[in-house]
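Data block for data.cif (mmCIF, C-alpha atoms and all ligand atoms):
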```cif
data_start
#
loop_
_atom_site.label_atom_id
_atom_site.label_comp_id
_atom_site.auth_asym_id
_atom_site.auth_seq_id
_atom_site.Cartn_x
_atom_site.Cartn_y
_atom_site.Cartn_z
CA MET X 1 120.96 159.50 -43.97
CA ASN X 2 117.33 159.04 -42.90
CA PRO X 3 115.51 161.81 -41.04
CA PHE X 4 115.46 161.39 -37.25
CA SER X 5 114.47 163.42 -34.22
CA TYR X 6 116.87 164.37 -31.45
CA GLN X 7 116.19 164.65 -27.74
CA ARG X 8 118.47 165.58 -24.83
CA VAL X 9 117.81 164.00 -21.45
CA THR X 10 119.08 164.88 -17.98
CA ASP X 11 118.11 161.92 -15.82
CA PRO X 12 118.15 158.14 -16.32
CA GLU X 13 114.37 157.70 -15.86
CA GLU X 14 113.73 160.26 -18.58
CA ALA X 15 116.25 158.49 -20.83
CA ILE X 16 114.61 155.10 -20.32
CA HIS X 17 111.15 156.52 -20.97
CA ALA X 18 112.37 158.27 -24.14
CA VAL X 19 114.11 155.20 -25.57
CA SER X 20 110.92 153.14 -25.37
CA ALA X 21 109.70 155.07 -28.47
CA HIS X 22 109.79 152.95 -31.63
CA ASN X 23 113.38 152.40 -32.86
CA ALA X 24 114.88 155.10 -30.63
CA LYS X 25 118.57 154.80 -29.70
CA PHE X 26 120.85 156.34 -27.11
CA LEU X 27 123.63 158.59 -28.36
CA GLY X 28 126.92 158.29 -26.45
CA GLY X 29 130.01 159.60 -28.25
CA GLY X 30 128.32 158.86 -31.56
CA THR X 31 131.55 157.54 -33.10
CA ASN X 32 129.96 154.26 -34.14
CA LEU X 33 126.25 154.97 -34.31
CA VAL X 34 126.44 158.15 -36.39
CA ASP X 35 128.87 156.52 -38.86
CA LEU X 36 126.48 153.61 -39.32
CA MET X 37 123.55 156.01 -39.76
CA LYS X 38 125.43 157.85 -42.49
CA ASP X 39 126.15 154.54 -44.22
CA GLY X 40 122.50 153.49 -44.05
CA VAL X 41 123.19 150.50 -41.76
CA GLU X 42 121.38 151.95 -38.73
CA HIS X 43 118.23 154.05 -39.05
CA PRO X 44 116.89 155.06 -35.64
CA THR X 45 113.85 157.33 -35.70
CA THR X 46 114.97 159.18 -32.56
CA LEU X 47 118.36 159.79 -30.96
CA ILE X 48 118.31 160.19 -27.19
CA ASP X 49 121.41 162.17 -26.27
CA ILE X 50 122.54 160.88 -22.86
CA ASN X 51 125.65 163.03 -22.54
CA ARG X 52 124.12 165.20 -19.79
CA LEU X 53 123.43 162.25 -17.48
CA ASP X 54 125.58 162.14 -14.37
CA LEU X 55 127.43 158.96 -15.37
CA ALA X 56 130.97 160.16 -16.05
CA GLN X 57 132.76 159.23 -12.83
CA VAL X 58 135.16 156.48 -11.81
CA THR X 59 134.58 155.66 -8.13
CA THR X 60 135.80 152.99 -5.72
CA THR X 61 133.42 150.31 -4.43
CA ALA X 62 133.06 148.90 -0.90
CA SER X 63 134.58 145.60 -2.09
CA GLY X 64 137.77 147.29 -3.27
CA GLY X 65 136.88 147.46 -6.95
CA VAL X 66 135.81 150.35 -9.18
CA LEU X 67 132.58 151.54 -10.72
CA ILE X 68 133.05 153.11 -14.14
CA GLY X 69 130.18 155.35 -15.26
CA ALA X 70 128.79 154.60 -18.73
CA LEU X 71 129.73 158.08 -19.96
CA VAL X 72 133.39 157.96 -18.93
CA ARG X 73 135.33 158.66 -22.14
CA ASN X 74 137.84 156.02 -23.25
CA SER X 75 140.77 158.51 -22.90
CA ASP X 76 139.74 159.52 -19.40
CA LEU X 77 139.34 155.91 -18.36
CA ALA X 78 142.67 154.79 -19.79
CA ASN X 79 144.48 157.66 -18.09
CA HIS X 80 142.63 157.61 -14.77
CA ALA X 81 145.14 157.18 -11.91
CA LEU X 82 143.13 154.38 -10.30
CA ILE X 83 142.85 152.46 -13.56
CA ARG X 84 146.50 152.92 -14.47
CA ARG X 85 147.61 151.75 -11.03
CA ASN X 86 145.16 148.90 -10.38
CA TYR X 87 143.98 147.81 -13.83
CA PRO X 88 146.85 148.52 -16.25
CA LEU X 89 145.44 145.76 -18.50
CA LEU X 90 142.34 147.90 -19.14
CA SER X 91 144.41 151.02 -19.66
CA GLN X 92 146.64 149.27 -22.17
CA GLY X 93 143.67 147.73 -24.00
CA LEU X 94 141.90 151.08 -24.31
CA LEU X 95 145.00 152.88 -25.53
CA SER X 96 145.49 150.28 -28.25
CA GLY X 97 142.07 151.14 -29.72
CA ALA X 98 141.13 153.70 -32.37
CA SER X 99 142.90 157.11 -32.31
CA PRO X 100 143.29 159.78 -29.60
CA GLN X 101 140.47 161.85 -31.13
CA LEU X 102 138.09 158.90 -31.20
CA ARG X 103 139.03 157.87 -27.66
CA ASN X 104 138.26 161.41 -26.49
CA MET X 105 134.66 160.97 -27.71
CA ALA X 106 134.00 157.25 -27.23
CA THR X 107 132.19 156.29 -24.03
CA THR X 108 132.33 153.15 -21.91
CA GLY X 109 128.67 152.31 -22.68
CA GLY X 110 129.05 152.95 -26.41
CA ASN X 111 132.25 150.93 -26.65
CA LEU X 112 130.48 147.96 -25.05
CA LEU X 113 127.87 148.09 -27.80
CA GLN X 114 129.96 149.02 -30.83
CA ARG X 115 129.02 146.89 -33.79
CA THR X 116 131.07 144.50 -35.87
CA ARG X 117 133.49 145.69 -38.53
CA CYS X 118 132.48 142.88 -40.91
CA PHE X 119 132.82 144.52 -44.37
CA TYR X 120 129.58 142.97 -45.59
CA PHE X 121 127.66 144.31 -42.60
CA MET X 122 129.01 147.83 -43.00
CA ASP X 123 128.44 148.05 -46.76
CA THR X 124 124.75 148.04 -47.63
CA THR X 125 125.48 147.29 -51.30
CA PHE X 126 125.86 143.66 -50.15
CA PRO X 127 122.32 142.31 -49.83
CA ALA X 128 123.19 139.17 -47.82
CA CYS X 129 123.82 139.91 -44.16
CA ASN X 130 121.75 138.20 -41.48
CA LYS X 131 122.74 140.88 -39.01
CA ARG X 132 121.37 143.72 -41.17
CA TYR X 133 118.51 141.80 -42.79
CA PRO X 134 117.68 138.66 -40.77
CA GLY X 135 117.15 135.71 -43.11
CA SER X 136 119.10 137.23 -46.04
CA GLY X 137 122.18 134.97 -45.66
CA CYS X 138 125.82 135.65 -44.84
CA ALA X 139 128.08 137.07 -47.54
CA ALA X 140 131.19 136.50 -45.42
CA ILE X 141 130.96 132.73 -45.06
CA ASN X 142 131.93 132.17 -48.68
CA GLY X 143 133.41 135.63 -49.16
CA TYR X 144 136.59 137.34 -48.03
CA ASN X 145 136.61 136.26 -44.39
CA ARG X 146 140.16 137.10 -43.30
CA ILE X 147 139.01 139.20 -40.32
CA HIS X 148 136.22 136.88 -39.23
CA ALA X 149 135.60 134.49 -36.34
CA ILE X 150 137.30 131.18 -35.64
CA LEU X 151 135.50 130.44 -32.36
CA GLY X 152 131.80 130.27 -31.49
CA ALA X 153 130.58 131.24 -34.97
CA SER X 154 127.41 129.82 -36.52
CA GLU X 155 126.34 129.09 -40.07
CA ASP X 156 124.33 132.32 -39.91
CA CYS X 157 127.12 134.72 -38.92
CA ILE X 158 130.90 134.63 -38.51
CA ALA X 159 131.40 138.26 -37.44
CA THR X 160 133.70 139.32 -34.61
CA ASN X 161 133.28 141.84 -31.82
CA PRO X 162 135.74 144.67 -32.57
CA SER X 163 136.24 146.21 -29.11
CA ASP X 164 139.58 146.18 -27.29
CA MET X 165 138.03 147.46 -24.06
CA ASN X 166 135.67 144.49 -24.02
CA VAL X 167 138.53 141.98 -24.15
CA ALA X 168 140.27 143.54 -21.16
CA MET X 169 137.00 143.77 -19.23
CA ALA X 170 136.25 140.10 -19.92
CA ALA X 171 139.63 139.05 -18.50
CA LEU X 172 139.04 141.32 -15.49
CA ASP X 173 135.68 139.65 -14.77
CA ALA X 174 133.62 142.83 -15.05
CA THR X 175 129.89 143.27 -14.40
CA VAL X 176 127.63 145.54 -16.45
CA HIS X 177 125.04 147.59 -14.53
CA VAL X 178 121.88 148.51 -16.42
CA GLN X 179 118.62 150.26 -15.67
CA GLY X 180 115.28 149.78 -17.43
CA PRO X 181 111.55 150.33 -16.91
CA LYS X 182 111.47 147.39 -14.47
CA GLY X 183 114.41 148.63 -12.40
CA LYS X 184 118.14 147.93 -12.18
CA ARG X 185 120.03 144.71 -12.82
CA ALA X 186 123.63 143.54 -13.04
CA ILE X 187 124.83 141.36 -15.93
CA PRO X 188 128.10 139.38 -15.58
CA PHE X 189 130.37 140.34 -18.48
CA ALA X 190 130.43 136.78 -19.85
CA ASP X 191 126.63 136.93 -20.27
CA PHE X 192 126.45 140.43 -21.71
CA HIS X 193 127.50 139.72 -25.32
CA ARG X 194 125.96 136.79 -27.20
CA LEU X 195 127.20 134.26 -29.72
CA PRO X 196 125.42 134.58 -33.10
CA GLY X 197 123.49 131.30 -33.22
CA LYS X 198 120.38 131.71 -35.37
CA THR X 199 119.85 135.34 -34.32
CA PRO X 200 123.05 137.27 -35.05
CA GLN X 201 121.07 140.52 -35.11
CA ILE X 202 120.67 140.19 -31.31
CA GLU X 203 124.17 140.93 -30.11
CA THR X 204 123.78 141.36 -26.37
CA ASN X 205 121.40 140.46 -23.56
CA LEU X 206 120.65 144.14 -22.99
CA ARG X 207 116.99 144.95 -23.71
CA SER X 208 116.27 147.74 -26.17
CA ASP X 209 114.74 149.91 -23.41
CA GLU X 210 117.63 149.47 -20.98
CA LEU X 211 120.36 152.02 -20.30
CA ILE X 212 123.88 150.93 -19.38
CA THR X 213 124.74 152.96 -16.30
CA ALA X 214 128.15 151.57 -15.29
CA VAL X 215 130.69 148.78 -15.50
CA GLU X 216 132.06 147.38 -12.24
CA LEU X 217 135.47 145.77 -11.86
CA PRO X 218 136.21 143.57 -8.84
CA ALA X 219 139.17 144.26 -6.55
CA PRO X 220 142.37 144.13 -8.62
CA LYS X 221 144.34 140.88 -8.79
CA PHE X 222 146.49 141.43 -11.86
CA ALA X 223 147.89 144.91 -11.27
CA ALA X 224 151.51 143.72 -11.14
CA ASN X 225 151.34 141.11 -13.90
CA SER X 226 149.23 141.78 -16.95
CA TRP X 227 149.62 142.42 -20.66
CA TYR X 228 147.32 143.44 -23.53
CA LEU X 229 148.70 142.22 -26.84
CA LYS X 230 147.06 143.43 -30.03
CA VAL X 231 148.10 142.02 -33.41
CA ARG X 232 146.92 144.06 -36.39
CA ASP X 233 147.85 144.98 -39.93
CA ARG X 234 149.19 148.42 -38.89
CA GLN X 235 150.86 149.39 -35.64
CA SER X 236 148.15 151.93 -34.81
CA TYR X 237 144.64 152.96 -35.81
CA ALA X 238 143.56 149.47 -36.85
CA PHE X 239 141.29 146.82 -35.41
CA ALA X 240 142.74 143.62 -33.98
CA LEU X 241 143.24 140.50 -36.06
CA VAL X 242 143.85 138.83 -32.73
CA ALA X 243 144.07 140.43 -29.30
CA VAL X 244 144.94 138.85 -25.96
CA ALA X 245 144.21 140.23 -22.50
CA ALA X 246 146.32 138.29 -20.00
CA GLY X 247 146.39 138.79 -16.24
CA LEU X 248 148.28 136.68 -13.70
CA GLU X 249 148.02 136.68 -9.92
CA MET X 250 151.46 135.50 -8.84
CA ASP X 251 152.94 134.02 -5.69
CA GLY X 252 156.65 134.05 -6.48
CA THR X 253 156.91 132.04 -9.70
CA THR X 254 153.62 130.21 -9.08
CA ILE X 255 150.40 131.37 -10.71
CA LYS X 256 147.62 131.69 -8.13
CA SER X 257 144.96 132.61 -10.67
CA ALA X 258 144.70 133.90 -14.23
CA GLY X 259 142.41 135.98 -16.43
CA LEU X 260 142.61 135.29 -20.17
CA ALA X 261 140.42 136.64 -22.96
CA LEU X 262 140.79 136.94 -26.73
CA GLY X 263 139.59 139.56 -29.17
CA GLY X 264 139.18 139.39 -32.94
CA VAL X 265 138.26 135.71 -32.87
CA ALA X 266 134.57 135.51 -31.94
CA HIS X 267 131.24 137.33 -31.88
CA LYS X 268 131.98 138.22 -28.25
CA PRO X 269 135.12 138.72 -26.22
CA TRP X 270 136.29 135.13 -25.83
CA ARG X 271 137.18 134.32 -22.26
CA SER X 272 138.69 130.87 -21.83
CA MET X 273 137.85 129.49 -18.39
CA GLU X 274 139.56 126.18 -19.28
CA ALA X 275 142.80 127.99 -20.05
CA GLU X 276 142.49 130.08 -16.88
CA ARG X 277 141.94 126.94 -14.78
CA SER X 278 144.87 125.17 -16.39
CA LEU X 279 147.21 127.99 -15.35
CA ALA X 280 146.15 128.10 -11.69
CA GLY X 281 148.72 126.46 -9.40
CA LYS X 282 151.32 126.06 -12.17
CA THR X 283 154.79 127.52 -12.41
CA ALA X 284 154.77 130.39 -14.88
CA ASN X 285 156.72 128.91 -17.77
CA ALA X 286 156.49 128.23 -21.51
CA GLU X 287 154.99 124.78 -21.02
CA ALA X 288 152.10 126.07 -18.92
CA PHE X 289 151.48 128.96 -21.33
CA LYS X 290 151.47 126.67 -24.37
CA LYS X 291 148.98 124.32 -22.71
CA ALA X 292 146.71 127.29 -21.93
CA ALA X 293 146.97 128.47 -25.55
CA ASP X 294 146.01 125.03 -26.88
CA LEU X 295 143.02 124.89 -24.52
CA ALA X 296 141.87 128.40 -25.44
CA LEU X 297 141.83 127.50 -29.14
CA ALA X 298 140.26 124.07 -28.72
CA GLY X 299 137.36 123.79 -31.13
CA ALA X 300 138.55 126.65 -33.35
CA LYS X 301 137.16 126.42 -36.87
CA PRO X 302 138.77 128.44 -39.66
CA TYR X 303 137.16 129.74 -42.86
CA GLU X 304 138.87 130.07 -46.24
CA HIS X 305 140.97 133.15 -45.50
CA ASN X 306 141.47 133.14 -41.74
CA ALA X 307 143.11 129.82 -40.82
CA PHE X 308 146.23 131.82 -39.93
CA LYS X 309 144.39 133.18 -36.89
CA ILE X 310 144.56 129.87 -35.01
CA GLU X 311 148.35 129.73 -34.82
CA LEU X 312 148.52 133.52 -34.46
CA ALA X 313 146.19 133.38 -31.46
CA LYS X 314 148.15 130.56 -29.82
CA GLN X 315 151.48 132.35 -30.21
CA SER X 316 149.93 135.62 -29.07
CA ILE X 317 148.62 133.97 -25.90
CA VAL X 318 152.06 132.56 -25.07
CA ARG X 319 153.64 135.95 -25.70
CA ALA X 320 151.06 137.90 -23.68
CA LEU X 321 151.34 135.49 -20.74
CA THR X 322 155.14 135.64 -20.90
CA LEU X 323 155.09 139.45 -20.82
CA ALA X 324 152.50 139.43 -18.04
CA ALA X 325 154.64 137.08 -15.96
CA GLN X 326 157.65 139.35 -16.41
CA GLY X 327 155.66 142.09 -14.73
CA ARG X 328 156.08 144.61 -17.52
CA ARG X 329 153.53 147.38 -17.40
CA GLU X 330 154.66 149.84 -20.04
CA GLY X 331 154.23 149.66 -23.78
CA ALA X 332 150.63 150.64 -24.51
CA GLN X 333 150.23 151.23 -28.22
CA ALA X 334 149.00 154.61 -29.44
C1 LIG X 401 138.13 154.70 -37.58
C2 LIG X 401 137.78 154.01 -36.30
C3 LIG X 401 138.70 153.14 -35.71
C4 LIG X 401 138.39 152.50 -34.52
N1 LIG X 401 139.30 151.61 -33.97
C5 LIG X 401 138.95 150.93 -32.83
C6 LIG X 401 139.83 149.98 -32.26
O1 LIG X 401 140.94 149.74 -32.73
N2 LIG X 401 139.44 149.34 -31.13
C7 LIG X 401 138.23 149.59 -30.55
O2 LIG X 401 137.91 148.99 -29.54
N3 LIG X 401 137.38 150.46 -31.09
C8 LIG X 401 137.71 151.14 -32.20
N4 LIG X 401 136.84 152.01 -32.75
C9 LIG X 401 135.47 152.05 -32.24
C10 LIG X 401 135.26 153.04 -31.16
O3 LIG X 401 135.94 152.62 -30.03
C11 LIG X 401 133.74 153.02 -30.94
O4 LIG X 401 133.15 153.67 -32.03
C12 LIG X 401 133.36 153.70 -29.65
O5 LIG X 401 133.90 153.04 -28.55
C13 LIG X 401 131.85 153.73 -29.51
O6 LIG X 401 131.53 154.55 -28.39
P1 LIG X 401 130.54 155.76 -28.54
O7 LIG X 401 130.33 156.31 -27.18
O8 LIG X 401 130.98 156.71 -29.59
O9 LIG X 401 129.24 154.98 -29.01
P2 LIG X 401 127.99 155.47 -29.86
O10 LIG X 401 128.36 155.49 -31.29
O11 LIG X 401 127.39 156.70 -29.26
O12 LIG X 401 126.98 154.27 -29.55
C14 LIG X 401 127.24 152.94 -29.93
C15 LIG X 401 126.01 152.11 -29.54
O13 LIG X 401 125.87 152.08 -28.12
C16 LIG X 401 124.58 152.55 -27.72
N5 LIG X 401 124.81 153.21 -26.43
C17 LIG X 401 125.73 154.19 -26.17
N6 LIG X 401 125.74 154.43 -24.85
C18 LIG X 401 124.79 153.64 -24.27
C19 LIG X 401 124.34 153.43 -22.92
N7 LIG X 401 124.87 154.09 -21.88
N8 LIG X 401 123.35 152.52 -22.71
C20 LIG X 401 122.80 151.82 -23.74
N9 LIG X 401 123.20 151.98 -25.02
C21 LIG X 401 124.19 152.86 -25.28
C22 LIG X 401 124.13 153.46 -28.85
O14 LIG X 401 122.72 153.55 -28.91
C23 LIG X 401 124.70 152.70 -30.04
O15 LIG X 401 123.85 151.64 -30.40
C24 LIG X 401 137.13 152.71 -33.91
C25 LIG X 401 136.21 153.60 -34.49
C26 LIG X 401 136.52 154.23 -35.67
C27 LIG X 401 135.52 155.17 -36.28
S1 LIG X 402 129.44 137.59 -40.85
FE1 LIG X 402 127.58 138.32 -39.84
S2 LIG X 402 127.75 140.51 -40.08
FE2 LIG X 402 129.10 139.62 -41.63
S3 LIG X 402 127.89 139.28 -43.49
FE3 LIG X 402 127.72 137.43 -42.30
S4 LIG X 402 125.85 137.76 -41.14
FE4 LIG X 402 126.50 139.76 -41.79
#
```
Transcribe the structure of this file into structure tokens.
Amino acid sequence: MNPFSYQRVTDPEEAIHAVSAHNAKFLGGGTNLVDLMKDGVEHPTTLIDINRLDLAQVTTTASGGVLIGALVRNSDLANHALIRRNYPLLSQGLLSGASPQLRNMATTGGNLLQRTRCFYFMDTTFPACNKRYPGSGCAAINGYNRIHAILGASEDCIATNPSDMNVAMAALDATVHVQGPKGKRAIPFADFHRLPGKTPQIETNLRSDELITAVELPAPKFAANSWYLKVRDRQSYAFALVAVAAGLEMDGTTIKSAGLALGGVAHKPWRSMEAERSLAGKTANAEAFKKAADLALAGAKPYEHNAFKIELAKQSIVRALTLAAQGRREGAQA
């Protein structure tokens, strides 16, 4: 582990000023950043500990939604009465991630920015990784790419975003609030994470001197009909091979509107607007769900070891939409 300095801050302005130092990074729960520092993947010169900032509340907004502070822990968020009642999809997604101990530490802001679990990225003995060393190549493209992307990848990087929370927030049409030296701005969730293109090392549209302060969810539409389905190698404590966040706004058996996002398949949570549009106005049945699944996977491109993900994702979408339509709300995985 490289030497680094450590600084505690107590207000956002101080945090933003401190992070403008060369290669400084914010410390949330530390469950991702500190691991990567120990492995030699990340080497910040300064850690700015933001845990004393007043950003750990979940509050209601004037438009009927919620504002989730960037320091709300994943366990607290998943178990918050407002979230359980109005956004069970988010609760279920969060509870499917990591382990109870990790969720007790992990923060909303840190989870948004957690880095890929690509083996070649996390293991510095592999020299070729455009994300770690831009221009060095991609060991995964011709390597063991079972867990890698099938949508939106580029010839420079086929990594996936590993977060479950992100998938649920994409389907819920969240907005990320940030603050930097030039003031505050709001980034729609779909524009927050980036596809790899030629610059896979730039993973989000957050600037390096900006602090995430909160995530906002609009007024709930899917409280009665949603499902988070996570398919993984083990039933718990494993990242998703494919995950589906499905929300339906129902009028009897007719779908008024839908939210649909996939995890484990792309460099960012993959929200399919085409699939969502195809569901609106339809009767909730297998035919409509299958059409949505086909649309969501249109353009999918497999690599040597991950072709199975295309069919897996389609079947998972149909299953998640079916469970959402049935109005089941229990069953979050530990
Ligand atoms: C063994 C293991 C299994 C896991 N399984 C899963 C899983 O199944 N599903 C899942 O979703 N996750 C899983 N995780 C990941 C875990 O959820 C993340 O490590 C965690 O959410 C990161 O949050 P953190 O607060 O600890 O972030 P940190 O490690 O503190 O920070 C992560 C990044 O975010 C930046 N950051 C933090 N807060 C802010 C802020 N407010 N503004 C700007 N930048 C900020 C940091 O500088 C850093 O770059 C697992 C982790 C481990 C170790
Ligand atoms: S997929 Fe991306 S993160 Fe993985 S080795 Fe290739 S460039 Fe690196």
Report task. Enumerate residues in contact with ligand LIG 401 (chain X): an atom-to-atom distance of at most 7 Å, counting all atoms listed in the file. Format the result as a PyMOL selection string. Result -> chain X and resi 25-34+70-71+94+96-99+102-103+105-114+162-165+210-213+237-240
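Among X:Val19, X:Val178, X:Ala245, X:Ile68, the residue with the shortest atom-to-atom distance to Pro269 in chain X, counting all atoms listed in the file, is X:Ala245.
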Query raised in the report: Quick one: residues within 9 Å of ligand LIG 402 (chain X), with only C-alpha atoms and all ligand atoms, as a ChimeraX atom specification?
Result: /X:116-122,126-134,136-141,143,145,148-149,153,155-160,196,200-201,267
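Separating CA of Glu249 in chain X from CA of Tyr87 in chain X is a distance of 12.5 Å.
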**Report entry** CA of Ser316 in chain X to CA of Val66 in chain X, distance in Å rounded to a single decimal
**Finding:** 28.5 Å
Produce the centre coordinates and the three edge lengths, each in Å to one decimal, of the box along x, y and z that contains all listed atoms of range 246-262 of chain X with 6 Å added on each side, as AutoDock Vina command-line options.
```
--center_x 148.7 --center_y 134.5 --center_z -16.2 --size_x 28.5 --size_y 20.6 --size_z 33.0
```
Query - Pick from X:Lys291, X:Leu323, X:Gly247, X:Leu151 nearest to Ile310 in chain X, counting all atoms listed in the file - result: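 Among the listed residues, the smallest separation from Ile310 in chain X belongs to X:Leu151.
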Counting all atoms listed in the file, which residues have an atom no more than 10 Å from (128.6, 143.3, -14.2) in the file's coordinates? Please list them as an mmCIF file with C-alpha atoms, in the coordinates of the input.
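Produced file point_23.cif, reproduced below:
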```cif
data_model
loop_
_atom_site.group_PDB
_atom_site.id
_atom_site.type_symbol
_atom_site.label_atom_id
_atom_site.label_comp_id
_atom_site.auth_asym_id
_atom_site.auth_seq_id
_atom_site.Cartn_x
_atom_site.Cartn_y
_atom_site.Cartn_z
ATOM 1 C CA LEU X 67 132.580 151.540 -10.720
ATOM 2 C CA MET X 169 137.000 143.770 -19.230
ATOM 3 C CA ASP X 173 135.680 139.650 -14.770
ATOM 4 C CA ALA X 174 133.620 142.830 -15.050
ATOM 5 C CA THR X 175 129.890 143.270 -14.400
ATOM 6 C CA VAL X 176 127.630 145.540 -16.450
ATOM 7 C CA HIS X 177 125.040 147.590 -14.530
ATOM 8 C CA VAL X 178 121.880 148.510 -16.420
ATOM 9 C CA ARG X 185 120.030 144.710 -12.820
ATOM 10 C CA ALA X 186 123.630 143.540 -13.040
ATOM 11 C CA ILE X 187 124.830 141.360 -15.930
ATOM 12 C CA PRO X 188 128.100 139.380 -15.580
ATOM 13 C CA PHE X 189 130.370 140.340 -18.480
ATOM 14 C CA ALA X 190 130.430 136.780 -19.850
ATOM 15 C CA ASP X 191 126.630 136.930 -20.270
ATOM 16 C CA PHE X 192 126.450 140.430 -21.710
ATOM 17 C CA ALA X 214 128.150 151.570 -15.290
ATOM 18 C CA VAL X 215 130.690 148.780 -15.500
ATOM 19 C CA GLU X 216 132.060 147.380 -12.240
ATOM 20 C CA LEU X 217 135.470 145.770 -11.860
ATOM 21 C CA PRO X 218 136.210 143.570 -8.840
#
```
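Closest approach to Met1 in chain X from the set X:Leu262, X:Ala219, X:Val318, X:Val41 is made by X:Val41, with distances taken over all atoms listed in the file.
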Place a sphere of radius 8 Å on (116.3, 163.8, -33.4) in the file coordinates and name every protein, DNA or RNA residue with an atom inside or on its surface, counting only C-alpha atoms; give the answer as a tab-separated table (two decimals) with C-alpha atoms, in the frame of the given file.
```
chain	number	residue	atom	x	y	z
X	3	PRO	CA	115.51	161.81	-41.04
X	4	PHE	CA	115.46	161.39	-37.25
X	5	SER	CA	114.47	163.42	-34.22
X	6	TYR	CA	116.87	164.37	-31.45
X	7	GLN	CA	116.19	164.65	-27.74
X	45	THR	CA	113.85	157.33	-35.70
X	46	THR	CA	114.97	159.18	-32.56
X	47	LEU	CA	118.36	159.79	-30.96
X	48	ILE	CA	118.31	160.19	-27.19
```
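Relative to CA of Val265 in chain X, CA of Glu304 in chain X is found at 14.5 Å.
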Query - Best match for closeness to Asn104 in chain X among X:Asn142, X:Ser272, X:Asn74, X:Asn205, counting all atoms listed in the file - result: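 The shortest atom-to-atom distance to Asn104 in chain X comes from X:Asn74.
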Report task. May I ask which of the residues X:Arg271, X:Ala298, X:Ser20, X:Gly327 is the closest one to Arg207 in chain X, counting only C-alpha atoms? Result ->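 Residue with the minimum atom-to-atom distance to Arg207 in chain X: X:Ser20.
Closest approach to Pro220 in chain X from the set X:Val58, X:Ala18, X:Val9, X:Ile83 is made by X:Ile83, with distances taken over all atoms listed in the file.
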Report task. Compile the contact shell of Lys256 in chain X as a list in words: residues with an atom at most 12 Å away, counting all atoms listed in the file, same-chain residues fewer than 6 positions apart removed. Result ->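 Listed by chain and then number, they are Lys221, Phe222, Asn225, Gly247, Leu248, Glu249, Met250, Glu276, Arg277, Ser278, Leu279, Ala280, Gly281, Lys282, Thr283, Ala284 and Ala325 of chain X.
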Now that the selection is made, can you save its residues with C-alpha atoms as a PDB file, keeping the file's coordinate frame?
```pdb
ATOM      1  CA  LYS X 221     144.340 140.880  -8.790  1.00  0.00           C
ATOM      2  CA  PHE X 222     146.490 141.430 -11.860  1.00  0.00           C
ATOM      3  CA  ASN X 225     151.340 141.110 -13.900  1.00  0.00           C
ATOM      4  CA  GLY X 247     146.390 138.790 -16.240  1.00  0.00           C
ATOM      5  CA  LEU X 248     148.280 136.680 -13.700  1.00  0.00           C
ATOM      6  CA  GLU X 249     148.020 136.680  -9.920  1.00  0.00           C
ATOM      7  CA  MET X 250     151.460 135.500  -8.840  1.00  0.00           C
ATOM      8  CA  GLU X 276     142.490 130.080 -16.880  1.00  0.00           C
ATOM      9  CA  ARG X 277     141.940 126.940 -14.780  1.00  0.00           C
ATOM     10  CA  SER X 278     144.870 125.170 -16.390  1.00  0.00           C
ATOM     11  CA  LEU X 279     147.210 127.990 -15.350  1.00  0.00           C
ATOM     12  CA  ALA X 280     146.150 128.100 -11.690  1.00  0.00           C
ATOM     13  CA  GLY X 281     148.720 126.460  -9.400  1.00  0.00           C
ATOM     14  CA  LYS X 282     151.320 126.060 -12.170  1.00  0.00           C
ATOM     15  CA  THR X 283     154.790 127.520 -12.410  1.00  0.00           C
ATOM     16  CA  ALA X 284     154.770 130.390 -14.880  1.00  0.00           C
ATOM     17  CA  ALA X 325     154.640 137.080 -15.960  1.00  0.00           C
TER      18      ALA X 325
END
```
Because some atoms of range 92-99 of chain X are absent here, can you restore N, CA and C atoms and send them as a short mmCIF file (atom, residue, chain, number, x, y, z; two decimals), keeping the file's coordinate frame?
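Dumped to rebuild-v9.cif:
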```cif
data_model
loop_
_atom_site.label_atom_id
_atom_site.label_comp_id
_atom_site.auth_asym_id
_atom_site.auth_seq_id
_atom_site.Cartn_x
_atom_site.Cartn_y
_atom_site.Cartn_z
N GLN X 92 145.87 149.65 -20.98
CA GLN X 92 146.64 149.27 -22.17
C GLN X 92 145.70 148.87 -23.31
N GLY X 93 144.64 148.13 -22.98
CA GLY X 93 143.67 147.73 -24.00
C GLY X 93 143.01 148.95 -24.63
N LEU X 94 142.57 149.87 -23.79
CA LEU X 94 141.90 151.08 -24.31
C LEU X 94 142.83 151.89 -25.19
N LEU X 95 144.07 152.04 -24.76
CA LEU X 95 145.00 152.88 -25.53
C LEU X 95 145.43 152.22 -26.83
N SER X 96 145.16 150.94 -26.98
CA SER X 96 145.49 150.28 -28.25
C SER X 96 144.36 150.46 -29.27
N GLY X 97 143.24 151.04 -28.83
CA GLY X 97 142.07 151.14 -29.72
C GLY X 97 141.95 152.49 -30.39
N ALA X 98 141.51 152.49 -31.64
CA ALA X 98 141.13 153.70 -32.37
C ALA X 98 142.26 154.73 -32.41
N SER X 99 141.91 156.02 -32.27
CA SER X 99 142.90 157.11 -32.31
C SER X 99 142.62 158.01 -31.11
#
```
